[in-house]
file input27.csv (CSV, N, CA and C atoms)
chain,number,residue,atom,x,y,z
A,2,MET,N,-157.0,-54.8,-115.6
A,2,MET,CA,-156.5,-55.6,-116.7
A,2,MET,C,-157.5,-55.3,-117.9
A,3,LEU,N,-156.9,-55.1,-119.1
A,3,LEU,CA,-157.6,-54.8,-120.3
A,3,LEU,C,-158.2,-56.1,-120.8
A,4,ASP,N,-159.4,-56.0,-121.4
A,4,ASP,CA,-160.1,-57.1,-122.0
A,4,ASP,C,-159.2,-57.6,-123.2
A,5,PRO,N,-159.0,-58.9,-123.3
A,5,PRO,CA,-158.2,-59.4,-124.5
A,5,PRO,C,-158.9,-59.0,-125.8
A,6,LYS,N,-160.2,-59.0,-125.9
A,6,LYS,CA,-160.8,-58.6,-127.1
A,6,LYS,C,-160.5,-57.1,-127.5
A,7,PHE,N,-160.5,-56.3,-126.4
A,7,PHE,CA,-160.2,-54.9,-126.7
A,7,PHE,C,-158.8,-54.8,-127.2
A,8,ILE,N,-157.8,-55.5,-126.6
A,8,ILE,CA,-156.5,-55.5,-127.1
A,8,ILE,C,-156.4,-55.9,-128.6
A,9,LEU,N,-157.0,-57.0,-128.9
A,9,LEU,CA,-157.0,-57.6,-130.2
A,9,LEU,C,-157.6,-56.6,-131.2
A,10,ASN,N,-158.6,-55.9,-130.8
A,10,ASN,CA,-159.3,-54.9,-131.7
A,10,ASN,C,-158.6,-53.6,-131.8
A,11,ASN,N,-157.7,-53.3,-130.9
A,11,ASN,CA,-157.1,-52.0,-130.8
A,11,ASN,C,-155.6,-52.1,-130.6
A,12,ILE,N,-155.0,-53.0,-131.4
A,12,ILE,CA,-153.6,-53.3,-131.2
A,12,ILE,C,-152.7,-52.1,-131.2
A,13,ASP,N,-152.9,-51.2,-132.2
A,13,ASP,CA,-152.0,-50.1,-132.4
A,13,ASP,C,-152.1,-49.1,-131.2
A,14,ARG,N,-153.4,-48.9,-130.8
A,14,ARG,CA,-153.6,-47.9,-129.7
A,14,ARG,C,-152.9,-48.4,-128.4
A,15,VAL,N,-153.1,-49.7,-128.2
A,15,VAL,CA,-152.5,-50.3,-126.9
A,15,VAL,C,-151.0,-50.3,-127.0
A,16,LYS,N,-150.4,-50.5,-128.2
A,16,LYS,CA,-149.0,-50.5,-128.3
A,16,LYS,C,-148.5,-49.0,-128.1
A,17,THR,N,-149.2,-48.1,-128.7
A,17,THR,CA,-148.8,-46.7,-128.5
A,17,THR,C,-148.9,-46.2,-127.1
A,18,ASP,N,-150.0,-46.5,-126.4
A,18,ASP,CA,-150.1,-46.1,-125.0
A,18,ASP,C,-149.1,-46.8,-124.1
A,19,ALA,N,-148.8,-48.0,-124.4
A,19,ALA,CA,-147.8,-48.7,-123.6
A,19,ALA,C,-146.5,-48.1,-123.8
A,20,SER,N,-146.2,-47.8,-125.0
A,20,SER,CA,-144.9,-47.1,-125.3
A,20,SER,C,-144.8,-45.7,-124.7
A,21,ASP,N,-145.9,-45.0,-124.7
A,21,ASP,CA,-146.0,-43.6,-124.1
A,21,ASP,C,-145.7,-43.7,-122.6
A,22,LYS,N,-146.1,-44.9,-122.0
A,22,LYS,CA,-145.9,-45.1,-120.5
A,22,LYS,C,-144.6,-45.7,-120.2
A,23,ASN,N,-143.8,-45.9,-121.3
A,23,ASN,CA,-142.4,-46.5,-121.1
A,23,ASN,C,-142.6,-48.0,-120.6
A,24,ASP,N,-143.6,-48.6,-121.0
A,24,ASP,CA,-143.9,-50.0,-120.6
A,24,ASP,C,-143.4,-50.9,-121.7
A,25,ASP,N,-142.7,-52.0,-121.4
A,25,ASP,CA,-142.2,-52.9,-122.4
A,25,ASP,C,-143.0,-54.2,-122.6
A,26,CYS,N,-144.3,-54.1,-122.3
A,26,CYS,CA,-145.1,-55.3,-122.5
A,26,CYS,C,-145.2,-55.6,-124.0
A,27,ASP,N,-145.1,-56.9,-124.3
A,27,ASP,CA,-145.1,-57.4,-125.6
A,27,ASP,C,-146.5,-57.7,-126.2
A,28,ILE,N,-147.1,-56.7,-126.8
A,28,ILE,CA,-148.4,-56.8,-127.3
A,28,ILE,C,-148.5,-57.9,-128.5
A,29,ASP,N,-147.4,-57.9,-129.3
A,29,ASP,CA,-147.4,-58.9,-130.3
A,29,ASP,C,-147.4,-60.4,-129.8
A,30,LYS,N,-146.8,-60.6,-128.7
A,30,LYS,CA,-146.8,-61.9,-128.1
A,30,LYS,C,-148.2,-62.2,-127.5
A,31,ILE,N,-148.8,-61.2,-127.0
A,31,ILE,CA,-150.2,-61.4,-126.5
A,31,ILE,C,-151.1,-61.8,-127.6
A,32,VAL,N,-151.0,-61.1,-128.7
A,32,VAL,CA,-151.8,-61.4,-129.9
A,32,VAL,C,-151.5,-62.8,-130.4
A,33,SER,N,-150.3,-63.2,-130.4
A,33,SER,CA,-149.9,-64.5,-130.9
A,33,SER,C,-150.4,-65.6,-130.0
A,34,LEU,N,-150.3,-65.4,-128.7
A,34,LEU,CA,-150.9,-66.4,-127.7
A,34,LEU,C,-152.4,-66.5,-127.8
A,35,ALA,N,-153.1,-65.3,-128.0
A,35,ALA,CA,-154.5,-65.3,-128.1
A,35,ALA,C,-155.0,-66.0,-129.4
A,36,ASN,N,-154.2,-65.8,-130.5
A,36,ASN,CA,-154.6,-66.5,-131.7
A,36,ASN,C,-154.3,-68.0,-131.6
A,37,SER,N,-153.2,-68.4,-130.9
A,37,SER,CA,-152.9,-69.8,-130.7
A,37,SER,C,-154.0,-70.5,-129.9
A,38,ARG,N,-154.4,-69.8,-128.9
A,38,ARG,CA,-155.5,-70.4,-128.0
A,38,ARG,C,-156.8,-70.5,-128.8
A,39,LYS,N,-157.1,-69.5,-129.6
A,39,LYS,CA,-158.3,-69.5,-130.4
A,39,LYS,C,-158.3,-70.6,-131.4
A,40,ALA,N,-157.1,-70.9,-132.0
A,40,ALA,CA,-157.0,-72.0,-133.0
A,40,ALA,C,-157.1,-73.4,-132.3
A,41,LEU,N,-156.6,-73.4,-131.1
A,41,LEU,CA,-156.5,-74.7,-130.4
A,41,LEU,C,-157.9,-75.2,-129.9
A,42,ILE,N,-158.7,-74.3,-129.5
A,42,ILE,CA,-160.0,-74.6,-128.9
A,42,ILE,C,-160.9,-75.5,-129.8
A,43,PRO,N,-161.1,-75.1,-131.1
A,43,PRO,CA,-161.9,-75.9,-132.0
A,43,PRO,C,-161.3,-77.3,-132.3
A,44,GLU,N,-160.0,-77.3,-132.3
A,44,GLU,CA,-159.3,-78.6,-132.5
A,44,GLU,C,-159.6,-79.5,-131.3
A,45,LYS,N,-159.5,-79.0,-130.2
A,45,LYS,CA,-159.8,-79.8,-128.9
A,45,LYS,C,-161.2,-80.2,-128.9
A,46,GLU,N,-162.1,-79.3,-129.2
A,46,GLU,CA,-163.6,-79.7,-129.2
A,46,GLU,C,-163.9,-80.7,-130.3
A,47,ASN,N,-163.3,-80.6,-131.4
A,47,ASN,CA,-163.5,-81.6,-132.5
A,47,ASN,C,-163.1,-83.0,-132.0
A,48,LEU,N,-161.9,-83.0,-131.3
A,48,LEU,CA,-161.4,-84.2,-130.8
A,48,LEU,C,-162.3,-84.8,-129.7
A,49,ARG,N,-162.9,-83.9,-128.9
A,49,ARG,CA,-163.9,-84.4,-127.9
A,49,ARG,C,-165.1,-85.0,-128.5
A,50,ALA,N,-165.6,-84.4,-129.6
A,50,ALA,CA,-166.8,-84.9,-130.3
A,50,ALA,C,-166.4,-86.2,-130.9
A,51,GLN,N,-165.2,-86.4,-131.5
A,51,GLN,CA,-164.8,-87.6,-132.0
A,51,GLN,C,-164.7,-88.7,-131.0
A,52,GLN,N,-164.3,-88.3,-129.8
A,52,GLN,CA,-164.2,-89.3,-128.7
A,52,GLN,C,-165.6,-89.8,-128.3
A,53,ARG,N,-166.5,-88.8,-128.2
A,53,ARG,CA,-167.9,-89.2,-127.8
A,53,ARG,C,-168.5,-90.1,-128.9
A,54,SER,N,-168.4,-89.8,-130.1
A,54,SER,CA,-169.0,-90.6,-131.2
A,54,SER,C,-168.4,-92.0,-131.3
A,55,THR,N,-167.1,-92.1,-131.0
A,55,THR,CA,-166.4,-93.4,-131.0
A,55,THR,C,-166.8,-94.2,-129.8
A,56,GLY,N,-167.0,-93.5,-128.7
A,56,GLY,CA,-167.4,-94.2,-127.5
A,56,GLY,C,-168.8,-94.8,-127.6
A,57,LYS,N,-169.7,-94.1,-128.4
A,57,LYS,CA,-171.0,-94.6,-128.6
A,57,LYS,C,-171.1,-95.9,-129.4
A,58,LYS,N,-170.0,-96.2,-130.1
A,58,LYS,CA,-170.0,-97.4,-131.0
A,58,LYS,C,-169.7,-98.7,-130.1
A,59,ILE,N,-169.1,-98.5,-129.0
A,59,ILE,CA,-168.7,-99.7,-128.2
A,59,ILE,C,-169.9,-100.5,-127.6
A,60,GLY,N,-170.9,-99.8,-127.1
A,60,GLY,CA,-172.0,-100.5,-126.5
A,60,GLY,C,-172.7,-101.4,-127.4
A,61,PRO,N,-173.1,-100.9,-128.6
A,61,PRO,CA,-173.8,-101.8,-129.6
A,61,PRO,C,-172.9,-103.0,-130.0
A,62,MET,N,-171.6,-102.7,-130.2
A,62,MET,CA,-170.7,-103.8,-130.6
A,62,MET,C,-170.6,-104.9,-129.5
A,63,LYS,N,-170.5,-104.5,-128.3
A,63,LYS,CA,-170.4,-105.4,-127.2
A,63,LYS,C,-171.7,-106.2,-127.1
A,64,ARG,N,-172.8,-105.6,-127.3
A,64,ARG,CA,-174.1,-106.3,-127.2
A,64,ARG,C,-174.2,-107.4,-128.3
A,65,ASN,N,-173.6,-107.1,-129.5
A,65,ASN,CA,-173.6,-108.0,-130.6
A,65,ASN,C,-172.4,-109.0,-130.5
A,66,GLY,N,-171.6,-108.9,-129.5
A,66,GLY,CA,-170.6,-109.9,-129.2
A,66,GLY,C,-169.3,-109.6,-130.1
A,67,GLU,N,-169.2,-108.4,-130.7
A,67,GLU,CA,-168.1,-108.1,-131.5
A,67,GLU,C,-166.9,-107.7,-130.7
A,68,ASP,N,-165.7,-107.8,-131.3
A,68,ASP,CA,-164.5,-107.4,-130.6
A,68,ASP,C,-164.4,-105.9,-130.7
A,69,THR,N,-164.2,-105.2,-129.5
A,69,THR,CA,-164.1,-103.8,-129.4
A,69,THR,C,-162.7,-103.3,-129.1
A,70,SER,N,-161.7,-104.2,-129.2
A,70,SER,CA,-160.3,-103.8,-128.8
A,70,SER,C,-159.8,-102.7,-129.7
A,71,ALA,N,-160.0,-102.8,-131.0
A,71,ALA,CA,-159.5,-101.8,-131.9
A,71,ALA,C,-160.1,-100.4,-131.6
A,72,ILE,N,-161.4,-100.4,-131.4
A,72,ILE,CA,-162.1,-99.1,-131.1
A,72,ILE,C,-161.6,-98.6,-129.7
A,73,GLU,N,-161.4,-99.4,-128.7
A,73,GLU,CA,-160.9,-99.0,-127.4
A,73,GLU,C,-159.5,-98.5,-127.5
A,74,GLN,N,-158.7,-99.1,-128.4
A,74,GLN,CA,-157.3,-98.6,-128.6
A,74,GLN,C,-157.4,-97.2,-129.3
A,75,GLU,N,-158.3,-97.0,-130.2
A,75,GLU,CA,-158.5,-95.7,-130.9
A,75,GLU,C,-159.0,-94.7,-129.9
A,76,LEU,N,-159.9,-95.1,-129.0
A,76,LEU,CA,-160.4,-94.2,-128.0
A,76,LEU,C,-159.3,-93.8,-127.0
A,77,ALA,N,-158.4,-94.7,-126.7
A,77,ALA,CA,-157.3,-94.4,-125.8
A,77,ALA,C,-156.4,-93.3,-126.4
A,78,GLU,N,-156.1,-93.5,-127.7
A,78,GLU,CA,-155.3,-92.5,-128.4
A,78,GLU,C,-155.9,-91.2,-128.5
A,79,ILE,N,-157.2,-91.1,-128.7
A,79,ILE,CA,-157.9,-89.9,-128.8
A,79,ILE,C,-157.9,-89.2,-127.4
A,80,LYS,N,-158.1,-90.0,-126.4
A,80,LYS,CA,-158.1,-89.4,-125.0
A,80,LYS,C,-156.7,-88.8,-124.7
A,81,THR,N,-155.6,-89.5,-125.1
A,81,THR,CA,-154.3,-89.0,-124.8
A,81,THR,C,-154.0,-87.7,-125.6
A,82,GLN,N,-154.5,-87.7,-126.8
A,82,GLN,CA,-154.3,-86.5,-127.6
A,82,GLN,C,-155.1,-85.3,-127.0
A,83,TYR,N,-156.3,-85.6,-126.6
A,83,TYR,CA,-157.2,-84.6,-126.0
A,83,TYR,C,-156.5,-84.0,-124.7
A,84,LYS,N,-156.0,-84.9,-123.9
A,84,LYS,CA,-155.3,-84.4,-122.7
A,84,LYS,C,-154.1,-83.5,-123.0
A,85,GLN,N,-153.4,-83.9,-124.1
A,85,GLN,CA,-152.3,-83.0,-124.6
A,85,GLN,C,-152.8,-81.6,-125.0
A,86,PHE,N,-153.9,-81.6,-125.8
A,86,PHE,CA,-154.5,-80.3,-126.2
A,86,PHE,C,-154.9,-79.5,-125.0
A,87,GLU,N,-155.5,-80.2,-124.0
A,87,GLU,CA,-156.0,-79.5,-122.8
A,87,GLU,C,-154.9,-78.9,-122.0
A,88,GLN,N,-153.8,-79.7,-121.9
A,88,GLN,CA,-152.6,-79.2,-121.2
A,88,GLN,C,-152.0,-78.0,-121.9
A,89,GLU,N,-151.9,-78.1,-123.2
A,89,GLU,CA,-151.4,-77.0,-124.0
A,89,GLU,C,-152.2,-75.7,-123.9
A,90,GLU,N,-153.6,-75.9,-123.9
A,90,GLU,CA,-154.5,-74.8,-123.7
A,90,GLU,C,-154.3,-74.1,-122.4
A,91,LYS,N,-154.1,-74.9,-121.3
A,91,LYS,CA,-153.9,-74.4,-120.0
A,91,LYS,C,-152.6,-73.6,-119.9
A,92,GLU,N,-151.5,-74.1,-120.6
A,92,GLU,CA,-150.2,-73.4,-120.6
A,92,GLU,C,-150.4,-72.1,-121.3
A,93,ILE,N,-151.0,-72.1,-122.5
A,93,ILE,CA,-151.2,-70.9,-123.3
A,93,ILE,C,-152.0,-69.9,-122.5
A,94,SER,N,-153.1,-70.3,-121.9
A,94,SER,CA,-154.0,-69.4,-121.1
A,94,SER,C,-153.3,-68.8,-119.9
A,95,ALA,N,-152.4,-69.6,-119.3
A,95,ALA,CA,-151.7,-69.1,-118.1
A,95,ALA,C,-150.7,-68.0,-118.6
A,96,ALA,N,-150.0,-68.3,-119.7
A,96,ALA,CA,-149.0,-67.3,-120.2
A,96,ALA,C,-149.7,-66.1,-120.7
A,97,LEU,N,-150.9,-66.2,-121.3
A,97,LEU,CA,-151.7,-65.1,-121.8
A,97,LEU,C,-152.1,-64.2,-120.6
A,98,THR,N,-152.7,-64.9,-119.6
A,98,THR,CA,-153.1,-64.1,-118.4
A,98,THR,C,-152.0,-63.4,-117.8
A,99,ALA,N,-150.8,-64.0,-117.6
A,99,ALA,CA,-149.7,-63.3,-117.0
A,99,ALA,C,-149.3,-62.1,-117.8
A,100,ARG,N,-149.3,-62.2,-119.2
A,100,ARG,CA,-148.9,-61.1,-120.0
A,100,ARG,C,-150.0,-60.0,-120.0
A,101,LEU,N,-151.2,-60.4,-120.0
A,101,LEU,CA,-152.3,-59.4,-119.9
A,101,LEU,C,-152.3,-58.6,-118.7
A,102,ALA,N,-151.9,-59.2,-117.6
A,102,ALA,CA,-151.8,-58.5,-116.3
A,102,ALA,C,-150.7,-57.4,-116.3
A,103,LYS,N,-149.8,-57.5,-117.2
A,103,LYS,CA,-148.7,-56.5,-117.3
A,103,LYS,C,-149.0,-55.3,-118.3
A,104,VAL,N,-150.1,-55.4,-119.0
A,104,VAL,CA,-150.5,-54.4,-120.0
A,104,VAL,C,-151.1,-53.2,-119.2
A,105,PRO,N,-150.5,-52.0,-119.5
A,105,PRO,CA,-151.0,-50.8,-118.8
A,105,PRO,C,-152.4,-50.4,-119.3
A,106,ASN,N,-153.1,-49.7,-118.5
A,106,ASN,CA,-154.4,-49.1,-119.0
A,106,ASN,C,-154.2,-48.1,-120.1
A,107,ILE,N,-155.3,-47.9,-120.8
A,107,ILE,CA,-155.2,-46.9,-121.9
A,107,ILE,C,-155.2,-45.5,-121.3
A,108,ILE,N,-154.4,-44.7,-122.0
A,108,ILE,CA,-154.3,-43.3,-121.6
A,108,ILE,C,-155.5,-42.5,-122.1
A,109,HIS,N,-156.2,-41.8,-121.2
A,109,HIS,CA,-157.3,-41.0,-121.5
A,109,HIS,C,-156.9,-39.9,-122.5
A,110,GLU,N,-157.9,-39.5,-123.4
A,110,GLU,CA,-157.6,-38.5,-124.4
A,110,GLU,C,-157.2,-37.2,-123.8
A,111,SER,N,-157.7,-36.9,-122.6
A,111,SER,CA,-157.5,-35.6,-122.0
A,111,SER,C,-156.1,-35.4,-121.4
A,112,VAL,N,-155.4,-36.5,-121.3
A,112,VAL,CA,-154.1,-36.5,-120.6
A,112,VAL,C,-153.1,-35.9,-121.6
A,113,PRO,N,-152.4,-34.9,-121.3
A,113,PRO,CA,-151.4,-34.3,-122.2
A,113,PRO,C,-150.1,-35.2,-122.3
A,114,ASP,N,-149.5,-35.1,-123.5
A,114,ASP,CA,-148.3,-35.8,-123.7
A,114,ASP,C,-147.2,-35.1,-122.9
A,115,GLY,N,-146.3,-36.0,-122.4
A,115,GLY,CA,-145.2,-35.4,-121.6
A,115,GLY,C,-144.1,-36.5,-121.4
A,116,ALA,N,-142.9,-36.1,-121.1
A,116,ALA,CA,-141.8,-37.0,-120.9
A,116,ALA,C,-141.7,-37.4,-119.5
A,117,GLY,N,-142.2,-36.6,-118.6
A,117,GLY,CA,-142.0,-36.9,-117.2
A,117,GLY,C,-142.9,-36.0,-116.3
A,118,PRO,N,-142.8,-36.1,-115.0
A,118,PRO,CA,-143.7,-35.4,-114.1
A,118,PRO,C,-143.6,-33.9,-114.3
A,119,GLU,N,-142.5,-33.3,-114.7
A,119,GLU,CA,-142.4,-31.9,-114.9
A,119,GLU,C,-143.3,-31.4,-116.0
A,120,ASP,N,-143.8,-32.3,-116.9
A,120,ASP,CA,-144.7,-31.9,-118.0
A,120,ASP,C,-146.2,-32.1,-117.6
A,121,ASN,N,-146.4,-32.4,-116.3
A,121,ASN,CA,-147.8,-32.6,-115.9
A,121,ASN,C,-148.5,-31.2,-115.8
A,122,VAL,N,-149.8,-31.2,-116.0
A,122,VAL,CA,-150.6,-30.0,-115.9
A,122,VAL,C,-151.3,-30.0,-114.6
A,123,VAL,N,-151.2,-28.9,-113.8
A,123,VAL,CA,-151.9,-28.8,-112.5
A,123,VAL,C,-153.2,-28.3,-112.8
A,124,ARG,N,-154.3,-29.0,-112.4
A,124,ARG,CA,-155.6,-28.6,-112.6
A,124,ARG,C,-156.2,-28.0,-111.4
A,125,ASP,N,-156.0,-28.5,-110.2
A,125,ASP,CA,-156.5,-28.1,-109.0
A,125,ASP,C,-155.4,-28.2,-107.9
A,126,GLU,N,-155.5,-27.3,-106.9
A,126,GLU,CA,-154.6,-27.4,-105.7
A,126,GLU,C,-155.5,-27.2,-104.5
A,127,GLY,N,-155.3,-28.0,-103.5
A,127,GLY,CA,-156.1,-27.8,-102.3
A,127,GLY,C,-155.5,-28.4,-101.1
A,128,GLY,N,-155.9,-28.0,-100.0
A,128,GLY,CA,-155.4,-28.6,-98.7
A,128,GLY,C,-154.1,-27.9,-98.3
A,129,GLU,N,-153.7,-28.2,-97.2
A,129,GLU,CA,-152.4,-27.6,-96.6
A,129,GLU,C,-151.4,-28.7,-96.4
A,130,LEU,N,-150.2,-28.4,-96.6
A,130,LEU,CA,-149.1,-29.3,-96.4
A,130,LEU,C,-148.3,-28.9,-95.2
call {"tool": "encode", "arguments": {"input": "input27.csv", "output": "structure tokens"}}
result
Amino acid sequence: MLDPKFILNNIDRVKTDASDKNDDCDIDKIVSLANSRKALIPEKENLRAQQRSTGKKIGPMKRNGEDTSAIEQELAEIKTQYKQFEQEEKEISAALTARLAKVPNIIHESVPDGAGPEDNVVRDEGGEL
């Protein structure tokens, strides 16, 4: 399986090589999924930081005898939203991994172009049949 970073940095080459191998893997969809995941991660982490900072407010408020129900409600909403982001990230990652597994390897520069097996170049022959 090719590294996702390699694919993102060499989109045209990967598309061309996949096309040369008559493979119909959707590189554009892979790029889209990778970018979606990349954008989702900071949002999820910001939400986690917000959850932690909000949670730290509860202890001092309770010690002072203040009502924490509003903050607890906010914390519950943040937790729900975080779980949604986490689930979305898992789905995107699974779809990305499945598509990445279908991308063919890059064709080495020494391999000649050809339409089929009849265009192959025989370099060595050995053994008996």
call {"tool": "closest_residue", "arguments": {"input": "input27.csv", "among": "A:Leu41, A:Arg53, A:Ile12, A:Pro113", "to": "Ile28 of chain A", "atoms": "all atoms listed in the file"}}
result
A:Ile12
call {"tool": "atom_distance", "arguments": {"input": "input27.csv", "atom1": "atom CA of Ala96 of chain A", "atom2": "atom CA of Asn36 of chain A"}}
result
12.8 Å
call {"tool": "closest_residue", "arguments": {"input": "input27.csv", "among": "A:Thr98, A:Gln82, A:Asn23, A:Asn11", "to": "Leu48 of chain A", "atoms": "all atoms listed in the file"}}
result
A:Gln82
call {"tool": "atom_distance", "arguments": {"input": "input27.csv", "atom1": "atom N of Ile79 of chain A", "atom2": "atom CA of Gln51 of chain A"}}
result
9.0 Å
call {"tool": "closest_residue", "arguments": {"input": "input27.csv", "among": "A:Lys103, A:Phe7, A:Val122, A:Lys84", "to": "Asp25 of chain A", "atoms": "all atoms listed in the file"}}
result
A:Lys103
call {"tool": "build_atoms", "arguments": {"input": "input27.csv", "residues": "segment 78-92 of chain A", "atoms": "N, CA, C and O atoms", "output": "short mmCIF file (atom, residue, chain, number, x, y, z; two decimals), in the frame of the given file"}}
result
data_model
loop_
_atom_site.label_atom_id
_atom_site.label_comp_id
_atom_site.auth_asym_id
_atom_site.auth_seq_id
_atom_site.Cartn_x
_atom_site.Cartn_y
_atom_site.Cartn_z
N GLU A 78 -156.10 -93.50 -127.70
CA GLU A 78 -155.30 -92.50 -128.40
C GLU A 78 -155.90 -91.20 -128.50
O GLU A 78 -155.24 -90.14 -128.27
N ILE A 79 -157.20 -91.10 -128.70
CA ILE A 79 -157.90 -89.90 -128.80
C ILE A 79 -157.90 -89.20 -127.40
O ILE A 79 -157.66 -87.98 -127.31
N LYS A 80 -158.10 -90.00 -126.40
CA LYS A 80 -158.10 -89.40 -125.00
C LYS A 80 -156.70 -88.80 -124.70
O LYS A 80 -156.61 -87.76 -124.08
N THR A 81 -155.60 -89.50 -125.10
CA THR A 81 -154.30 -89.00 -124.80
C THR A 81 -154.00 -87.70 -125.60
O THR A 81 -153.52 -86.77 -125.00
N GLN A 82 -154.50 -87.70 -126.80
CA GLN A 82 -154.30 -86.50 -127.60
C GLN A 82 -155.10 -85.30 -127.00
O GLN A 82 -154.68 -84.18 -126.99
N TYR A 83 -156.30 -85.60 -126.60
CA TYR A 83 -157.20 -84.60 -126.00
C TYR A 83 -156.50 -84.00 -124.70
O TYR A 83 -156.55 -82.82 -124.53
N LYS A 84 -156.00 -84.90 -123.90
CA LYS A 84 -155.30 -84.40 -122.70
C LYS A 84 -154.10 -83.50 -123.00
O LYS A 84 -153.82 -82.54 -122.33
N GLN A 85 -153.40 -83.90 -124.10
CA GLN A 85 -152.30 -83.00 -124.60
C GLN A 85 -152.80 -81.60 -125.00
O GLN A 85 -152.18 -80.61 -124.63
N PHE A 86 -153.90 -81.60 -125.80
CA PHE A 86 -154.50 -80.30 -126.20
C PHE A 86 -154.90 -79.50 -125.00
O PHE A 86 -154.73 -78.31 -124.91
N GLU A 87 -155.50 -80.20 -124.00
CA GLU A 87 -156.00 -79.50 -122.80
C GLU A 87 -154.90 -78.90 -122.00
O GLU A 87 -154.96 -77.78 -121.56
N GLN A 88 -153.80 -79.70 -121.90
CA GLN A 88 -152.60 -79.20 -121.20
C GLN A 88 -152.00 -78.00 -121.90
O GLN A 88 -151.62 -76.97 -121.30
N GLU A 89 -151.90 -78.10 -123.20
CA GLU A 89 -151.40 -77.00 -124.00
C GLU A 89 -152.20 -75.70 -123.90
O GLU A 89 -151.73 -74.63 -123.77
N GLU A 90 -153.60 -75.90 -123.90
CA GLU A 90 -154.50 -74.80 -123.70
C GLU A 90 -154.30 -74.10 -122.40
O GLU A 90 -154.26 -72.90 -122.23
N LYS A 91 -154.10 -74.90 -121.30
CA LYS A 91 -153.90 -74.40 -120.00
C LYS A 91 -152.60 -73.60 -119.90
O LYS A 91 -152.54 -72.50 -119.33
N GLU A 92 -151.50 -74.10 -120.60
CA GLU A 92 -150.20 -73.40 -120.60
C GLU A 92 -150.40 -72.10 -121.30
O GLU A 92 -149.85 -71.02 -120.88
#
